[in-house]
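Chemist: Take a look at model09.cif, mmCIF, C-alpha atoms:
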data_structure
loop_
_atom_site.label_atom_id
_atom_site.label_comp_id
_atom_site.auth_asym_id
_atom_site.auth_seq_id
_atom_site.Cartn_x
_atom_site.Cartn_y
_atom_site.Cartn_z
CA MET A 1 132.65 35.83 103.37
CA LYS A 2 131.00 32.43 103.80
CA LYS A 3 127.98 34.13 105.40
CA TYR A 4 127.70 36.48 102.41
CA ILE A 5 127.85 33.59 99.92
CA LEU A 6 125.34 31.52 101.92
CA ALA A 7 123.00 34.52 102.20
CA SER A 8 123.28 35.14 98.44
CA ILE A 9 122.49 31.49 97.69
CA ALA A 10 119.50 31.59 100.07
CA VAL A 11 118.13 34.74 98.40
CA PHE A 12 118.66 33.21 94.94
CA CYS A 13 116.91 29.94 95.94
CA THR A 14 114.01 31.86 97.46
CA PHE A 15 113.66 33.90 94.26
CA VAL A 16 113.71 30.77 92.07
CA ALA A 17 111.17 28.99 94.29
CA HIS A 18 108.80 31.96 94.19
CA ALA A 19 109.28 32.39 90.45
CA ALA A 20 108.30 28.75 89.86
CA ASP A 21 105.10 29.26 91.89
CA ALA A 22 104.25 32.60 90.29
CA PRO A 23 101.31 32.59 87.88
CA GLN A 24 102.17 32.81 84.22
CA PRO A 25 101.56 36.23 82.67
CA ARG A 26 98.35 36.55 80.67
CA VAL A 27 98.48 37.32 76.99
CA SER A 28 97.27 40.81 76.20
CA ILE A 29 94.27 40.73 73.87
CA PHE A 30 93.70 43.63 71.49
CA SER A 31 91.87 44.07 68.21
CA THR A 32 93.77 43.19 65.06
CA SER A 33 90.91 44.12 62.74
CA THR A 34 92.05 45.94 59.65
CA ASP A 35 90.10 48.89 58.31
CA TRP A 36 88.79 46.88 55.37
CA GLN A 37 87.07 49.93 53.91
CA ALA A 38 90.42 51.71 53.60
CA VAL A 39 92.24 48.60 52.39
CA THR A 40 89.68 47.48 49.79
CA GLY A 41 88.05 50.77 48.77
CA LEU A 42 84.66 49.14 49.45
CA THR A 43 82.11 50.80 51.69
CA LEU A 44 81.43 49.39 55.15
CA ASN A 45 77.76 48.74 55.90
CA GLU A 46 76.12 47.60 59.11
CA TYR A 47 74.21 44.32 59.03
CA ASN A 48 71.81 43.14 61.71
CA GLY A 49 71.12 39.48 62.29
CA THR A 50 68.15 37.61 63.69
CA PHE A 51 68.09 33.91 64.42
CA VAL A 52 65.56 31.19 63.64
CA GLU A 53 65.51 28.70 66.52
CA ASP A 54 66.45 25.04 66.29
CA ARG A 55 65.17 23.50 69.55
CA LYS A 56 67.68 20.67 69.40
CA LEU A 57 70.65 23.07 69.16
CA VAL A 58 69.28 25.72 71.54
CA GLY A 59 68.30 23.34 74.33
CA ARG A 60 67.95 25.35 77.57
CA GLY A 61 69.57 28.34 75.86
CA LEU A 62 72.32 29.08 73.37
CA GLU A 63 74.99 31.73 73.73
CA LEU A 64 76.80 32.84 70.57
CA TYR A 65 79.86 35.06 70.08
CA TYR A 66 80.51 36.25 66.53
CA LEU A 67 84.01 35.38 65.27
CA ASP A 68 85.44 38.13 63.05
CA GLY A 69 86.35 37.15 59.51
CA PHE A 70 86.55 38.92 56.16
CA PRO A 71 84.38 40.55 54.85
CA CYS A 72 82.89 41.37 58.27
CA TYR A 73 83.87 42.23 61.80
CA GLY A 74 81.71 42.49 64.88
CA LEU A 75 80.59 45.78 66.35
CA ALA A 76 81.35 45.97 70.06
CA TYR A 77 77.74 46.22 71.17
CA GLY A 78 76.48 43.31 69.08
CA VAL A 79 78.81 40.31 68.99
CA ARG A 80 77.18 38.33 71.82
CA VAL A 81 73.72 36.85 71.27
CA TRP A 82 71.57 34.87 73.69
CA ILE A 83 68.81 32.69 72.24
CA GLY A 84 66.45 31.46 74.91
CA PRO A 85 64.60 28.17 75.07
CA ASP A 86 61.46 30.13 74.24
CA GLY A 87 62.96 30.72 70.77
CA GLN A 88 63.31 34.43 71.35
CA ASN A 89 66.42 36.42 70.43
CA HIS A 90 67.31 38.41 73.49
CA GLU A 91 69.94 40.34 71.56
CA HIS A 92 70.65 40.86 67.88
CA LEU A 93 73.88 40.41 65.96
CA HIS A 94 75.44 43.67 64.71
CA ILE A 95 78.38 43.45 62.29
CA ALA A 96 80.07 45.75 59.76
CA CYS A 97 80.89 44.34 56.33
CA VAL A 98 82.42 45.50 53.04
CA ALA A 99 80.44 42.80 51.20
CA GLU A 100 77.22 40.97 51.91
CA PRO A 101 78.00 38.01 54.20
CA THR A 102 77.05 34.51 53.08
CA GLU A 103 78.39 32.55 56.06
CA LEU A 104 79.16 33.44 59.68
CA LYS A 105 81.13 31.66 62.38
CA PHE A 106 80.36 31.76 66.08
CA ALA A 107 81.91 30.48 69.27
CA TYR A 108 78.97 28.81 71.01
CA ARG A 109 77.82 27.12 74.16
CA ASN A 110 74.62 25.92 75.73
CA ALA A 111 74.00 27.61 79.04
CA THR A 112 71.61 29.22 81.41
CA ARG A 113 70.95 32.93 80.97
CA ASP A 114 72.86 33.88 84.13
CA ALA A 115 76.11 32.19 83.03
CA ASP A 116 77.45 35.16 81.09
CA GLN A 117 81.05 35.06 79.82
CA ALA A 118 81.67 31.37 80.56
CA THR A 119 83.89 29.29 78.28
CA THR A 120 82.39 28.34 74.92
CA THR A 121 82.35 24.82 73.49
CA GLY A 122 83.58 25.26 69.91
CA ILE A 123 82.69 26.70 66.49
CA LEU A 124 79.27 26.92 64.88
CA THR A 125 79.23 27.77 61.13
CA CYS A 126 75.98 29.16 59.75
CA PRO A 127 74.79 30.14 56.27
CA VAL A 128 73.14 33.57 56.02
CA LYS A 129 70.02 34.62 54.13
CA ASN A 130 70.20 38.34 53.43
CA ARG A 131 67.30 40.72 53.05
CA GLY A 132 69.10 43.95 52.36
CA ARG A 133 71.07 44.66 55.50
CA GLU A 134 68.97 42.32 57.60
CA MET A 135 70.39 38.81 57.98
CA ILE A 136 68.41 35.71 58.87
CA ILE A 137 70.44 32.89 60.43
CA ASP A 138 68.51 29.61 60.59
CA LEU A 139 70.16 27.58 63.34
CA SER A 140 68.87 24.30 61.86
CA GLU A 141 71.15 24.93 58.86
CA CYS A 142 74.29 25.55 60.95
CA SER A 143 77.06 22.98 61.25
CA VAL A 144 78.70 22.27 64.57
CA GLY A 145 82.48 22.21 64.28
CA PRO A 146 85.02 20.59 66.55
CA ASP A 147 85.20 21.43 70.25
CA TRP A 148 88.05 23.68 71.33
CA ARG A 149 89.86 20.75 73.00
CA ASP A 150 90.14 19.12 69.55
CA TYR A 151 92.32 22.01 68.28
CA ARG A 152 95.40 20.83 70.15
#
What is this file in structure tokens?
Modeler:
Amino acid sequence: MKKYILASIAVFCTFVAHAADAPQPRVSIFSTSTDWQAVTGLTLNEYNGTFVEDRKLVGRGLELYYLDGFPCYGLAYGVRVWIGPDGQNHEHLHIACVAEPTELKFAYRNATRDADQATTTGILTCPVKNRGREMIIDLSECSVGPDWRDYR
């Protein structure tokens, strides 16, 4: 009986030790976007954005990820934009909106072109100039928000 109890304790301790070392489960990420067209009765339209460079902000390159927010949400093929040090947009922003956007928010970071999907620095808030469904985002008019570490 003592052997059984000692064996049970050993198995339990081994389980607890391994559980403490086990990596924490990752949170499952999924879209929570509401069908704003159905909810509001307004028509969704696609908007395409181009950026006007600000050399100081772009530096060696600027990577932007559109942050969804009413009245717009990002379309899967157009939420990441790379702006090179040459001032060229290497991608364009593609979003769907039920109303003309006046301001957009991005997660941003300065990086080299080959550093895709690295951690961003914080939030960049930019006013939008609309020309129909074409948006112009002048990076010199954007405001840099707090870094992610400041959100604790």
Chemist: Measuring atom to atom with all atoms listed in the file, identify which of A:Ala111, A:Thr119, A:Leu75, A:Val52 is nearest to Gln88 of chain A.
Modeler: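 Between A:Ala111, A:Thr119, A:Leu75, A:Val52, the residue approaching Gln88 of chain A most closely is A:Val52.
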Chemist: So which residues fall inside 9 Å of (79.3, 26.6, 75.6) if we count all atoms listed in the file? Mind giving them as an NGL selection string?
Modeler: :A and (62-64 or 107-111 or 118-122)
Chemist: With all atoms listed in the file counted and 9 Å as the cut-off, give the residues of segment 46-126 of chain A in contact with segment 130-149 of chain A, each with its shortest interatomic distance in Å and the pair that gives it, as CSV.
Modeler:
residue,atom,partner,partner_atom,distance
A:Glu46,CA,A:Arg133,CA,6.9
A:Tyr47,CA,A:Arg133,CA,4.7
A:Asn48,CA,A:Glu134,CA,5.1
A:Gly49,CA,A:Met135,CA,4.4
A:Thr50,CA,A:Ile136,CA,5.2
A:Phe51,CA,A:Ile137,CA,4.7
A:Val52,CA,A:Asp138,CA,4.5
A:Glu53,CA,A:Leu139,CA,5.7
A:Asp54,CA,A:Ser140,CA,5.1
A:Arg55,CA,A:Ser140,CA,8.6
A:Lys56,CA,A:Ser140,CA,8.5
A:Leu57,CA,A:Leu139,CA,7.4
A:Val58,CA,A:Leu139,CA,8.5
A:Leu93,CA,A:Met135,CA,8.9
A:Glu100,CA,A:Asn130,CA,7.6
A:Pro101,CA,A:Asn130,CA,7.8
A:Thr102,CA,A:Asn130,CA,7.9
A:Leu104,CA,A:Ile137,CA,8.8
A:Thr120,CA,A:Trp148,CA,8.2
A:Thr121,CA,A:Asp147,CA,5.5
A:Gly122,CA,A:Asp147,CA,4.2
A:Ile123,CA,A:Gly145,CA,5.0
A:Leu124,CA,A:Val144,CA,4.7
A:Thr125,CA,A:Ser143,CA,5.3
A:Cys126,CA,A:Cys142,CA,4.2
Chemist: Would you mind telling me which residue in A:Arg152, A:Asp68, A:Gly59, A:Ala38 lies nearest to Ala96 of chain A when using all atoms listed in the file?
Modeler: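 Smallest separation from Ala96 of chain A among the options: A:Asp68.
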Chemist: For the atom pair atom CA of Tyr77 of chain A and atom CA of Lys105 of chain A, what is the interatomic distance in Å to one decimal place?
Modeler: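 Those two atoms sit 17.3 Å apart.
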Chemist: Enter the distance from atom CA of Gly74 of chain A to atom CA of Arg60 of chain A, in Å, rounded to one decimal.
Modeler: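 Separation between atom CA of Gly74 of chain A and atom CA of Arg60 of chain A: 25.4 Å.
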Chemist: What is the atom CA of Gly69 of chain A to atom CA of Thr43 of chain A distance in Å?
Modeler: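 Those two atoms sit 16.3 Å apart.
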Chemist: Between A:Ala99, A:Tyr151, A:Val128, A:Gly61, which is the closest to Val81 of chain A once you count all atoms listed in the file?
Modeler: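 Closest candidate: A:Gly61.
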Chemist: A:Asp35, A:Tyr65, A:Phe106, A:His94: which is nearest Gly78 of chain A, counting only C-alpha atoms?
Modeler: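 Result for the nearest residue to Gly78 of chain A: A:His94.
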Chemist: Counting only C-alpha atoms, which of A:Cys72, A:Asp150, A:Val39, A:Asn45 gets nearest to Glu103 of chain A?
Modeler: A:Cys72
